[in-house]
file work.pdb (PDB, C-alpha atoms)
ATOM      1  CA  MET Z   1      77.292 -49.106 -17.529  1.00  0.00           C
ATOM      2  CA  PRO Z   2      76.742 -51.815 -20.189  1.00  0.00           C
ATOM      3  CA  HIS Z   3      74.343 -51.311 -23.085  1.00  0.00           C
ATOM      4  CA  ARG Z   4      70.852 -52.613 -22.419  1.00  0.00           C
ATOM      5  CA  ARG Z   5      68.963 -53.887 -25.457  1.00  0.00           C
ATOM      6  CA  SER Z   6      65.306 -52.869 -25.493  1.00  0.00           C
ATOM      7  CA  PRO Z   7      62.792 -55.722 -25.172  1.00  0.00           C
ATOM      8  CA  LEU Z   8      60.616 -53.747 -27.606  1.00  0.00           C
ATOM      9  CA  ARG Z   9      63.017 -54.516 -30.469  1.00  0.00           C
ATOM     10  CA  LEU Z  10      62.682 -57.626 -32.572  1.00  0.00           C
ATOM     11  CA  ASP Z  11      65.038 -60.391 -31.522  1.00  0.00           C
ATOM     12  CA  GLU Z  12      65.858 -63.158 -33.979  1.00  0.00           C
ATOM     13  CA  LYS Z  13      65.746 -65.757 -31.165  1.00  0.00           C
ATOM     14  CA  ARG Z  14      62.228 -64.645 -30.150  1.00  0.00           C
ATOM     15  CA  SER Z  15      60.858 -64.057 -33.675  1.00  0.00           C
ATOM     16  CA  ALA Z  16      59.047 -66.019 -36.338  1.00  0.00           C
ATOM     17  CA  LEU Z  17      57.434 -64.976 -39.628  1.00  0.00           C
ATOM     18  CA  MET Z  18      53.821 -65.708 -40.571  1.00  0.00           C
ATOM     19  CA  VAL Z  19      52.770 -65.178 -44.197  1.00  0.00           C
ATOM     20  CA  ILE Z  20      48.984 -65.041 -44.338  1.00  0.00           C
ATOM     21  CA  ASP Z  21      46.984 -65.961 -47.450  1.00  0.00           C
ATOM     22  CA  LEU Z  22      49.094 -64.534 -50.274  1.00  0.00           C
ATOM     23  CA  GLN Z  23      47.092 -66.592 -52.753  1.00  0.00           C
ATOM     24  CA  GLU Z  24      46.817 -66.732 -56.537  1.00  0.00           C
ATOM     25  CA  LYS Z  25      43.112 -65.922 -56.769  1.00  0.00           C
ATOM     26  CA  ILE Z  26      43.103 -63.145 -54.136  1.00  0.00           C
ATOM     27  CA  CYS Z  27      46.138 -61.147 -55.277  1.00  0.00           C
ATOM     28  CA  PRO Z  28      44.593 -59.871 -58.537  1.00  0.00           C
ATOM     29  CA  VAL Z  29      42.074 -57.777 -56.559  1.00  0.00           C
ATOM     30  CA  ILE Z  30      44.687 -56.247 -54.225  1.00  0.00           C
ATOM     31  CA  PRO Z  31      46.021 -53.000 -55.761  1.00  0.00           C
ATOM     32  CA  GLU Z  32      49.581 -53.302 -54.358  1.00  0.00           C
ATOM     33  CA  ALA Z  33      49.825 -57.108 -54.560  1.00  0.00           C
ATOM     34  CA  SER Z  34      53.063 -57.194 -56.565  1.00  0.00           C
ATOM     35  CA  GLU Z  35      54.793 -54.822 -54.115  1.00  0.00           C
ATOM     36  CA  ILE Z  36      53.483 -56.804 -51.155  1.00  0.00           C
ATOM     37  CA  GLU Z  37      54.748 -60.032 -52.721  1.00  0.00           C
ATOM     38  CA  ARG Z  38      58.172 -58.486 -53.331  1.00  0.00           C
ATOM     39  CA  GLU Z  39      58.431 -57.361 -49.689  1.00  0.00           C
ATOM     40  CA  ILE Z  40      57.327 -60.775 -48.421  1.00  0.00           C
ATOM     41  CA  ILE Z  41      60.013 -62.417 -50.542  1.00  0.00           C
ATOM     42  CA  ARG Z  42      62.606 -60.126 -48.930  1.00  0.00           C
ATOM     43  CA  LEU Z  43      61.325 -61.154 -45.502  1.00  0.00           C
ATOM     44  CA  THR Z  44      61.378 -64.873 -46.317  1.00  0.00           C
ATOM     45  CA  ASP Z  45      64.873 -64.531 -47.793  1.00  0.00           C
ATOM     46  CA  ALA Z  46      66.008 -62.892 -44.550  1.00  0.00           C
ATOM     47  CA  THR Z  47      64.511 -65.692 -42.462  1.00  0.00           C
ATOM     48  CA  ALA Z  48      66.531 -68.165 -44.520  1.00  0.00           C
ATOM     49  CA  VAL Z  49      69.755 -66.179 -44.037  1.00  0.00           C
ATOM     50  CA  LEU Z  50      69.202 -65.769 -40.283  1.00  0.00           C
ATOM     51  CA  SER Z  51      67.601 -69.185 -39.567  1.00  0.00           C
ATOM     52  CA  ILE Z  52      64.351 -67.670 -38.323  1.00  0.00           C
ATOM     53  CA  PRO Z  53      61.330 -69.967 -38.637  1.00  0.00           C
ATOM     54  CA  ALA Z  54      58.537 -69.052 -41.025  1.00  0.00           C
ATOM     55  CA  THR Z  55      55.176 -70.444 -42.012  1.00  0.00           C
ATOM     56  CA  ALA Z  56      52.417 -69.632 -44.485  1.00  0.00           C
ATOM     57  CA  THR Z  57      48.665 -70.103 -44.453  1.00  0.00           C
ATOM     58  CA  VAL Z  58      46.080 -70.364 -47.199  1.00  0.00           C
ATOM     59  CA  GLN Z  59      42.406 -69.480 -46.839  1.00  0.00           C
ATOM     60  CA  TYR Z  60      40.035 -72.027 -48.397  1.00  0.00           C
ATOM     61  CA  PRO Z  61      42.536 -73.103 -51.096  1.00  0.00           C
ATOM     62  CA  ARG Z  62      39.950 -75.130 -53.039  1.00  0.00           C
ATOM     63  CA  GLY Z  63      38.173 -71.882 -53.883  1.00  0.00           C
ATOM     64  CA  LEU Z  64      40.954 -69.279 -53.588  1.00  0.00           C
ATOM     65  CA  GLY Z  65      43.907 -71.239 -54.965  1.00  0.00           C
ATOM     66  CA  GLY Z  66      47.326 -71.903 -53.543  1.00  0.00           C
ATOM     67  CA  LEU Z  67      50.097 -69.534 -52.613  1.00  0.00           C
ATOM     68  CA  VAL Z  68      51.459 -67.276 -55.336  1.00  0.00           C
ATOM     69  CA  PRO Z  69      54.054 -69.164 -57.427  1.00  0.00           C
ATOM     70  CA  SER Z  70      57.030 -67.270 -55.952  1.00  0.00           C
ATOM     71  CA  LEU Z  71      56.272 -68.682 -52.484  1.00  0.00           C
ATOM     72  CA  GLN Z  72      55.280 -72.245 -53.396  1.00  0.00           C
ATOM     73  CA  SER Z  73      58.822 -73.607 -53.129  1.00  0.00           C
ATOM     74  CA  VAL Z  74      59.439 -71.709 -49.881  1.00  0.00           C
ATOM     75  CA  PHE Z  75      56.231 -73.083 -48.323  1.00  0.00           C
ATOM     76  CA  PRO Z  76      55.378 -76.344 -50.135  1.00  0.00           C
ATOM     77  CA  THR Z  77      52.682 -77.275 -47.572  1.00  0.00           C
ATOM     78  CA  PRO Z  78      51.089 -74.106 -46.171  1.00  0.00           C
ATOM     79  CA  GLU Z  79      48.611 -74.593 -43.350  1.00  0.00           C
ATOM     80  CA  GLU Z  80      45.065 -74.595 -44.686  1.00  0.00           C
ATOM     81  CA  LYS Z  81      42.279 -72.773 -42.899  1.00  0.00           C
ATOM     82  CA  VAL Z  82      38.678 -71.688 -43.277  1.00  0.00           C
ATOM     83  CA  ASP Z  83      38.671 -69.446 -40.187  1.00  0.00           C
ATOM     84  CA  PHE Z  84      39.789 -65.919 -40.987  1.00  0.00           C
ATOM     85  CA  SER Z  85      42.265 -65.866 -38.102  1.00  0.00           C
ATOM     86  CA  ALA Z  86      45.499 -67.712 -38.848  1.00  0.00           C
ATOM     87  CA  ALA Z  87      45.904 -68.203 -35.092  1.00  0.00           C
ATOM     88  CA  VAL Z  88      43.853 -71.391 -35.536  1.00  0.00           C
ATOM     89  CA  CYS Z  89      46.801 -72.843 -37.485  1.00  0.00           C
ATOM     90  CA  ARG Z  90      48.592 -74.318 -34.493  1.00  0.00           C
ATOM     91  CA  GLN Z  91      51.326 -76.443 -36.062  1.00  0.00           C
ATOM     92  CA  ALA Z  92      53.899 -73.640 -36.382  1.00  0.00           C
ATOM     93  CA  LEU Z  93      52.568 -71.451 -33.554  1.00  0.00           C
ATOM     94  CA  ASP Z  94      52.750 -74.211 -30.948  1.00  0.00           C
ATOM     95  CA  ALA Z  95      56.310 -75.122 -32.023  1.00  0.00           C
ATOM     96  CA  TRP Z  96      57.329 -71.460 -31.818  1.00  0.00           C
ATOM     97  CA  LEU Z  97      55.808 -71.071 -28.365  1.00  0.00           C
ATOM     98  CA  LYS Z  98      57.734 -74.116 -27.112  1.00  0.00           C
ATOM     99  CA  ASP Z  99      60.882 -72.512 -28.529  1.00  0.00           C
ATOM    100  CA  GLY Z 100      60.221 -69.204 -26.700  1.00  0.00           C
ATOM    101  CA  ARG Z 101      59.266 -67.293 -29.845  1.00  0.00           C
ATOM    102  CA  ASP Z 102      56.665 -64.726 -28.825  1.00  0.00           C
ATOM    103  CA  GLN Z 103      57.353 -62.080 -31.504  1.00  0.00           C
ATOM    104  CA  ILE Z 104      55.281 -62.974 -34.543  1.00  0.00           C
ATOM    105  CA  VAL Z 105      56.075 -60.913 -37.637  1.00  0.00           C
ATOM    106  CA  ILE Z 106      52.915 -60.742 -39.742  1.00  0.00           C
ATOM    107  CA  CYS Z 107      52.521 -60.140 -43.481  1.00  0.00           C
ATOM    108  CA  GLY Z 108      49.979 -61.041 -46.172  1.00  0.00           C
ATOM    109  CA  ILE Z 109      46.402 -60.171 -47.082  1.00  0.00           C
ATOM    110  CA  GLU Z 110      43.805 -58.875 -46.383  1.00  0.00           C
ATOM    111  CA  THR Z 111      44.702 -56.355 -43.691  1.00  0.00           C
ATOM    112  CA  HIS Z 112      41.161 -55.790 -42.428  1.00  0.00           C
ATOM    113  CA  ILE Z 113      40.118 -59.443 -42.377  1.00  0.00           C
ATOM    114  CA  CYS Z 114      42.651 -62.237 -41.884  1.00  0.00           C
ATOM    115  CA  ILE Z 115      45.551 -60.046 -40.746  1.00  0.00           C
ATOM    116  CA  LEU Z 116      43.416 -58.128 -38.243  1.00  0.00           C
ATOM    117  CA  GLN Z 117      41.697 -61.194 -36.772  1.00  0.00           C
ATOM    118  CA  THR Z 118      45.034 -63.037 -36.486  1.00  0.00           C
ATOM    119  CA  VAL Z 119      46.678 -60.114 -34.725  1.00  0.00           C
ATOM    120  CA  LEU Z 120      43.806 -59.712 -32.263  1.00  0.00           C
ATOM    121  CA  ASP Z 121      43.910 -63.434 -31.444  1.00  0.00           C
ATOM    122  CA  LEU Z 122      47.709 -63.421 -31.021  1.00  0.00           C
ATOM    123  CA  LEU Z 123      47.422 -60.450 -28.653  1.00  0.00           C
ATOM    124  CA  ALA Z 124      44.783 -62.366 -26.663  1.00  0.00           C
ATOM    125  CA  GLU Z 125      47.310 -65.213 -26.309  1.00  0.00           C
ATOM    126  CA  GLY Z 126      49.903 -62.815 -24.887  1.00  0.00           C
ATOM    127  CA  LEU Z 127      52.061 -62.844 -28.036  1.00  0.00           C
ATOM    128  CA  ARG Z 128      53.693 -59.787 -29.632  1.00  0.00           C
ATOM    129  CA  PRO Z 129      52.547 -59.315 -33.238  1.00  0.00           C
ATOM    130  CA  PHE Z 130      54.650 -57.054 -35.473  1.00  0.00           C
ATOM    131  CA  VAL Z 131      52.673 -56.077 -38.595  1.00  0.00           C
ATOM    132  CA  VAL Z 132      54.900 -55.248 -41.567  1.00  0.00           C
ATOM    133  CA  VAL Z 133      53.095 -52.288 -43.112  1.00  0.00           C
ATOM    134  CA  GLN Z 134      54.602 -52.582 -46.620  1.00  0.00           C
ATOM    135  CA  ALA Z 135      53.810 -56.318 -46.678  1.00  0.00           C
ATOM    136  CA  VAL Z 136      50.068 -56.235 -45.935  1.00  0.00           C
ATOM    137  CA  GLY Z 137      47.196 -54.979 -48.039  1.00  0.00           C
ATOM    138  CA  SER Z 138      43.475 -54.905 -48.736  1.00  0.00           C
ATOM    139  CA  ARG Z 139      41.273 -54.315 -51.749  1.00  0.00           C
ATOM    140  CA  HIS Z 140      40.275 -50.896 -50.414  1.00  0.00           C
ATOM    141  CA  ARG Z 141      42.681 -48.343 -48.909  1.00  0.00           C
ATOM    142  CA  GLU Z 142      40.253 -47.205 -46.195  1.00  0.00           C
ATOM    143  CA  ASP Z 143      39.777 -50.775 -44.909  1.00  0.00           C
ATOM    144  CA  HIS Z 144      43.571 -51.218 -44.855  1.00  0.00           C
ATOM    145  CA  GLU Z 145      44.207 -47.979 -42.962  1.00  0.00           C
ATOM    146  CA  LEU Z 146      41.408 -48.546 -40.438  1.00  0.00           C
ATOM    147  CA  ALA Z 147      42.718 -52.038 -39.692  1.00  0.00           C
ATOM    148  CA  LEU Z 148      46.285 -50.764 -39.195  1.00  0.00           C
ATOM    149  CA  ARG Z 149      45.048 -48.136 -36.729  1.00  0.00           C
ATOM    150  CA  ARG Z 150      42.899 -50.649 -34.872  1.00  0.00           C
ATOM    151  CA  MET Z 151      45.770 -53.152 -34.564  1.00  0.00           C
ATOM    152  CA  ARG Z 152      48.129 -50.437 -33.313  1.00  0.00           C
ATOM    153  CA  ASP Z 153      45.529 -49.176 -30.846  1.00  0.00           C
ATOM    154  CA  CYS Z 154      45.082 -52.732 -29.528  1.00  0.00           C
ATOM    155  CA  GLY Z 155      48.808 -53.188 -28.912  1.00  0.00           C
ATOM    156  CA  ALA Z 156      50.335 -54.564 -32.112  1.00  0.00           C
ATOM    157  CA  THR Z 157      53.567 -53.014 -33.367  1.00  0.00           C
ATOM    158  CA  LEU Z 158      53.523 -51.549 -36.885  1.00  0.00           C
ATOM    159  CA  ILE Z 159      56.928 -51.886 -38.524  1.00  0.00           C
ATOM    160  CA  GLY Z 160      58.667 -51.526 -41.882  1.00  0.00           C
ATOM    161  CA  VAL Z 161      60.526 -54.233 -43.787  1.00  0.00           C
ATOM    162  CA  GLU Z 162      63.972 -52.685 -43.353  1.00  0.00           C
ATOM    163  CA  SER Z 163      63.407 -52.205 -39.623  1.00  0.00           C
ATOM    164  CA  VAL Z 164      62.557 -55.905 -39.341  1.00  0.00           C
ATOM    165  CA  LEU Z 165      65.701 -56.918 -41.224  1.00  0.00           C
ATOM    166  CA  PHE Z 166      68.073 -54.733 -39.234  1.00  0.00           C
ATOM    167  CA  GLU Z 167      66.481 -55.479 -35.856  1.00  0.00           C
ATOM    168  CA  TRP Z 168      66.873 -59.185 -36.574  1.00  0.00           C
ATOM    169  CA  LEU Z 169      70.488 -58.599 -37.613  1.00  0.00           C
ATOM    170  CA  GLN Z 170      71.347 -56.286 -34.639  1.00  0.00           C
ATOM    171  CA  THR Z 171      74.875 -55.385 -35.780  1.00  0.00           C
ATOM    172  CA  ALA Z 172      76.965 -54.828 -38.891  1.00  0.00           C
ATOM    173  CA  ARG Z 173      79.639 -57.073 -37.358  1.00  0.00           C
ATOM    174  CA  ARG Z 174      77.727 -60.245 -38.172  1.00  0.00           C
ATOM    175  CA  ALA Z 175      78.706 -62.487 -41.056  1.00  0.00           C
ATOM    176  CA  GLU Z 176      75.132 -62.199 -42.406  1.00  0.00           C
ATOM    177  CA  PHE Z 177      75.367 -58.398 -42.737  1.00  0.00           C
ATOM    178  CA  LYS Z 178      76.340 -58.494 -46.404  1.00  0.00           C
ATOM    179  CA  ALA Z 179      73.447 -60.808 -47.341  1.00  0.00           C
ATOM    180  CA  ILE Z 180      70.924 -58.684 -45.430  1.00  0.00           C
ATOM    181  CA  SER Z 181      72.359 -55.507 -46.982  1.00  0.00           C
ATOM    182  CA  GLN Z 182      71.803 -57.048 -50.427  1.00  0.00           C
ATOM    183  CA  LEU Z 183      68.149 -57.685 -49.536  1.00  0.00           C
ATOM    184  CA  VAL Z 184      67.811 -54.028 -48.497  1.00  0.00           C
ATOM    185  CA  LYS Z 185      69.364 -52.836 -51.761  1.00  0.00           C
ATOM    186  CA  SER Z 186      66.990 -55.060 -53.746  1.00  0.00           C
ATOM    187  CA  SER Z 187      63.966 -52.955 -52.784  1.00  0.00           C
TER     188      SER Z 187
END
call {"tool": "encode", "arguments": {"input": "work.pdb", "output": "structure tokens"}}
result
Amino acid sequence: MPHRRSPLRLDEKRSALMVIDLQEKICPVIPEASEIEREIIRLTDATAVLSIPATATVQYPRGLGGLVPSLQSVFPTPEEKVDFSAAVCRQALDAWLKDGRDQIVICGIETHICILQTVLDLLAEGLRPFVVVQAVGSRHREDHELALRRMRDCGATLIGVESVLFEWLQTARRAEFKAISQLVKSS
């Protein structure tokens, strides 16, 4: 009997990455912001290696600033929003849907506000959000943990960075294995 790949695993052909509101003026109040930023950079590097589409949003940039400097060249024109849910940013989402990409890998800040509302809206649209636990954060730990539990209870998948990378890769036989392995070692 041939191997059957689980539809619950991430698939690079069905996936896209959404970086939510990792902004200059918000990060200083997030305790783990530098670690979150580092993990998001690993994710964006992997999307480049594997040709997986990615987008970024910024919440009220006039007041909260642009993306952190490390992401500005990756996302020179992030989608601007004033709604807390990034699901209102339709440019990338609509293109992904047309391309059959229903697995949306989510990272950014804050877990209990913009991440949570985005995930709930994506679930309502019938999409499969995967929340990267090491790449999301809030000012307060309790808010972060409550939001993670609520998202999981509502049907989102909580996942780690390395699981994302290796599920996208699928096999060590691929030419991209060495590049992805280097991203794993860089943690």
call {"tool": "resolve_selection", "arguments": {"input": "work.pdb", "expression": "the PyMOL selection byres ((chain Z and resi 152) around 12)", "output": "ChimeraX atom specification"}}
result
/Z:116,119-120,123,128-133,145-151,153-159
call {"tool": "closest_residue", "arguments": {"input": "work.pdb", "among": "Z:Ile180, Z:Ile113, Z:Ala135, Z:Leu8", "to": "Z:Gly160", "atoms": "all atoms listed in the file"}}
result
Z:Ala135
call {"tool": "residues_around", "arguments": {"input": "work.pdb", "residues": "Z:Glu37", "least_positions_apart": "5", "cutoff": "10 Å", "atoms": "all atoms listed in the file", "output": "list of chain:residue names"}}
result
Z:Leu22, Z:Cys27, Z:Glu32, Z:Arg42, Z:Leu43, Z:Val68, Z:Ser70, Z:Leu71, Z:Cys107, Z:Gly108, Z:Gln134, Z:Ala135, Z:Val136
call {"tool": "write_last_selection", "arguments": {"input": "work.pdb", "atoms": "C-alpha atoms", "output": "compact mmCIF listing (two decimals), keeping the file's coordinate frame"}}
result
# COMPACT_ATOMS: atom_id res chain seq x y z
CA LEU Z 22 49.09 -64.53 -50.27
CA CYS Z 27 46.14 -61.15 -55.28
CA GLU Z 32 49.58 -53.30 -54.36
CA ARG Z 42 62.61 -60.13 -48.93
CA LEU Z 43 61.32 -61.15 -45.50
CA VAL Z 68 51.46 -67.28 -55.34
CA SER Z 70 57.03 -67.27 -55.95
CA LEU Z 71 56.27 -68.68 -52.48
CA CYS Z 107 52.52 -60.14 -43.48
CA GLY Z 108 49.98 -61.04 -46.17
CA GLN Z 134 54.60 -52.58 -46.62
CA ALA Z 135 53.81 -56.32 -46.68
CA VAL Z 136 50.07 -56.24 -45.94
call {"tool": "resolve_selection", "arguments": {"input": "work.pdb", "expression": "the PyMOL selection byres ((chain Z and resi 139) around 10)", "output": "ChimeraX atom specification"}}
result
/Z:26-33,109-112,137-138,140-144
call {"tool": "atom_distance", "arguments": {"input": "work.pdb", "atom1": "atom CA of Z:Leu50", "atom2": "atom CA of Z:Gln23"}}
result
25.4 Å
call {"tool": "residues_around", "arguments": {"input": "work.pdb", "residues": "Z:Asp99", "least_positions_apart": "2", "cutoff": "12 Å", "atoms": "all atoms listed in the file", "output": "PDB file with C-alpha atoms, in the coordinates of the input"}}
result
ATOM      1  CA  GLU Z  12      65.858 -63.158 -33.979  1.00  0.00           C
ATOM      2  CA  LYS Z  13      65.746 -65.757 -31.165  1.00  0.00           C
ATOM      3  CA  ARG Z  14      62.228 -64.645 -30.150  1.00  0.00           C
ATOM      4  CA  SER Z  15      60.858 -64.057 -33.675  1.00  0.00           C
ATOM      5  CA  ALA Z  16      59.047 -66.019 -36.338  1.00  0.00           C
ATOM      6  CA  ILE Z  52      64.351 -67.670 -38.323  1.00  0.00           C
ATOM      7  CA  PRO Z  53      61.330 -69.967 -38.637  1.00  0.00           C
ATOM      8  CA  ALA Z  92      53.899 -73.640 -36.382  1.00  0.00           C
ATOM      9  CA  LEU Z  93      52.568 -71.451 -33.554  1.00  0.00           C
ATOM     10  CA  ASP Z  94      52.750 -74.211 -30.948  1.00  0.00           C
ATOM     11  CA  ALA Z  95      56.310 -75.122 -32.023  1.00  0.00           C
ATOM     12  CA  TRP Z  96      57.329 -71.460 -31.818  1.00  0.00           C
ATOM     13  CA  LEU Z  97      55.808 -71.071 -28.365  1.00  0.00           C
ATOM     14  CA  ARG Z 101      59.266 -67.293 -29.845  1.00  0.00           C
ATOM     15  CA  ASP Z 102      56.665 -64.726 -28.825  1.00  0.00           C
ATOM     16  CA  GLN Z 103      57.353 -62.080 -31.504  1.00  0.00           C
TER      17      GLN Z 103
END
call {"tool": "atom_distance", "arguments": {"input": "work.pdb", "atom1": "atom CA of Z:Val164", "atom2": "atom CA of Z:Pro78"}}
result
22.6 Å
call {"tool": "closest_residue", "arguments": {"input": "work.pdb", "among": "Z:Glu39, Z:Asp121, Z:Asp21, Z:Glu167", "to": "Z:Gln72", "atoms": "all atoms listed in the file"}}
result
Z:Asp21
call {"tool": "atom_distance", "arguments": {"input": "work.pdb", "atom1": "atom CA of Z:Gly65", "atom2": "atom CA of Z:Val161"}}
result
26.3 Å
call {"tool": "closest_residue", "arguments": {"input": "work.pdb", "among": "Z:Leu183, Z:Leu169, Z:Cys114, Z:Ile20", "to": "Z:Phe75", "atoms": "all atoms listed in the file"}}
result
Z:Ile20
call {"tool": "closest_residue", "arguments": {"input": "work.pdb", "among": "Z:Ser51, Z:Gln59, Z:Thr44, Z:Gln117", "to": "Z:Ser73", "atoms": "all atoms listed in the file"}}
result
Z:Thr44
call {"tool": "resolve_selection", "arguments": {"input": "work.pdb", "expression": "the PyMOL selection byres ((chain Z and resi 17) around 7)", "output": "list in words"}}
result
Ser15, Ala16, Met18, Val19, Pro53, Ala54, Thr55, Ile104, Val105 and Ile106 of chain Z
call {"tool": "decode", "arguments": {"input": "work.pdb", "residues": "stretch 146-154 of chain Z", "atoms": "all heavy atoms", "output": "mmCIF file, in the first residue's frame"}}
result
data_model
loop_
_atom_site.group_PDB
_atom_site.id
_atom_site.type_symbol
_atom_site.label_atom_id
_atom_site.label_comp_id
_atom_site.auth_asym_id
_atom_site.auth_seq_id
_atom_site.Cartn_x
_atom_site.Cartn_y
_atom_site.Cartn_z
ATOM 1 N N LEU Z 146 -3.970 32.842 26.895
ATOM 2 C CA LEU Z 146 -5.418 32.716 26.704
ATOM 3 C C LEU Z 146 -5.780 32.729 25.217
ATOM 4 O O LEU Z 146 -6.618 31.945 24.767
ATOM 5 C CB LEU Z 146 -6.159 33.853 27.421
ATOM 6 C CG LEU Z 146 -6.269 33.738 28.934
ATOM 7 C CD1 LEU Z 146 -6.776 35.041 29.536
ATOM 8 C CD2 LEU Z 146 -7.172 32.577 29.318
ATOM 9 N N ALA Z 147 -5.143 33.601 24.463
ATOM 10 C CA ALA Z 147 -5.428 33.695 23.028
ATOM 11 C C ALA Z 147 -5.006 32.420 22.306
ATOM 12 O O ALA Z 147 -5.731 31.938 21.420
ATOM 13 C CB ALA Z 147 -4.725 34.912 22.428
ATOM 14 N N LEU Z 148 -3.852 31.854 22.664
ATOM 15 C CA LEU Z 148 -3.423 30.598 22.035
ATOM 16 C C LEU Z 148 -4.438 29.489 22.299
ATOM 17 O O LEU Z 148 -4.812 28.742 21.391
ATOM 18 C CB LEU Z 148 -2.040 30.176 22.536
ATOM 19 C CG LEU Z 148 -0.849 31.003 22.052
ATOM 20 C CD1 LEU Z 148 0.421 30.546 22.745
ATOM 21 C CD2 LEU Z 148 -0.704 30.930 20.535
ATOM 22 N N ARG Z 149 -4.898 29.390 23.546
ATOM 23 C CA ARG Z 149 -5.889 28.357 23.883
ATOM 24 C C ARG Z 149 -7.195 28.582 23.130
ATOM 25 O O ARG Z 149 -7.791 27.640 22.609
ATOM 26 C CB ARG Z 149 -6.142 28.318 25.394
ATOM 27 C CG ARG Z 149 -5.004 27.681 26.167
ATOM 28 C CD ARG Z 149 -5.427 27.260 27.562
ATOM 29 N NE ARG Z 149 -5.848 28.354 28.409
ATOM 30 C CZ ARG Z 149 -5.037 29.076 29.173
ATOM 31 N NH1 ARG Z 149 -3.749 28.821 29.206
ATOM 32 N NH2 ARG Z 149 -5.508 30.038 29.929
ATOM 33 N N ARG Z 150 -7.625 29.829 23.058
ATOM 34 C CA ARG Z 150 -8.885 30.117 22.362
ATOM 35 C C ARG Z 150 -8.773 29.764 20.877
ATOM 36 O O ARG Z 150 -9.677 29.149 20.312
ATOM 37 C CB ARG Z 150 -9.257 31.583 22.528
ATOM 38 C CG ARG Z 150 -10.588 31.922 21.877
ATOM 39 C CD ARG Z 150 -11.004 33.341 22.176
ATOM 40 N NE ARG Z 150 -12.227 33.679 21.453
ATOM 41 C CZ ARG Z 150 -12.617 34.919 21.240
ATOM 42 N NH1 ARG Z 150 -11.900 35.938 21.702
ATOM 43 N NH2 ARG Z 150 -13.728 35.154 20.574
ATOM 44 N N MET Z 151 -7.660 30.143 20.241
ATOM 45 C CA MET Z 151 -7.482 29.834 18.818
ATOM 46 C C MET Z 151 -7.467 28.323 18.586
ATOM 47 O O MET Z 151 -8.105 27.821 17.655
ATOM 48 C CB MET Z 151 -6.204 30.482 18.283
ATOM 49 C CG MET Z 151 -6.318 31.991 18.142
ATOM 50 S SD MET Z 151 -4.858 32.763 17.407
ATOM 51 C CE MET Z 151 -3.723 32.790 18.788
ATOM 52 N N ARG Z 152 -6.755 27.605 19.437
ATOM 53 C CA ARG Z 152 -6.711 26.138 19.317
ATOM 54 C C ARG Z 152 -8.103 25.548 19.499
ATOM 55 O O ARG Z 152 -8.543 24.715 18.725
ATOM 56 C CB ARG Z 152 -5.746 25.548 20.350
ATOM 57 C CG ARG Z 152 -5.599 24.015 20.224
ATOM 58 C CD ARG Z 152 -5.010 23.398 21.456
ATOM 59 N NE ARG Z 152 -5.856 23.716 22.609
ATOM 60 C CZ ARG Z 152 -5.408 24.018 23.814
ATOM 61 N NH1 ARG Z 152 -4.120 24.021 24.060
ATOM 62 N NH2 ARG Z 152 -6.232 24.302 24.799
ATOM 63 N N ASP Z 153 -8.817 26.022 20.520
ATOM 64 C CA ASP Z 153 -10.160 25.514 20.784
ATOM 65 C C ASP Z 153 -11.124 25.798 19.632
ATOM 66 O O ASP Z 153 -12.073 25.044 19.412
ATOM 67 C CB ASP Z 153 -10.719 26.121 22.076
ATOM 68 C CG ASP Z 153 -10.000 25.636 23.323
ATOM 69 O OD1 ASP Z 153 -9.207 24.667 23.231
ATOM 70 O OD2 ASP Z 153 -10.220 26.254 24.388
ATOM 71 N N CYS Z 154 -10.870 26.859 18.890
ATOM 72 C CA CYS Z 154 -11.737 27.229 17.759
ATOM 73 C C CYS Z 154 -11.346 26.518 16.466
ATOM 74 O O CYS Z 154 -12.056 26.638 15.472
ATOM 75 C CB CYS Z 154 -11.714 28.742 17.566
ATOM 76 S SG CYS Z 154 -12.556 29.634 18.890
#
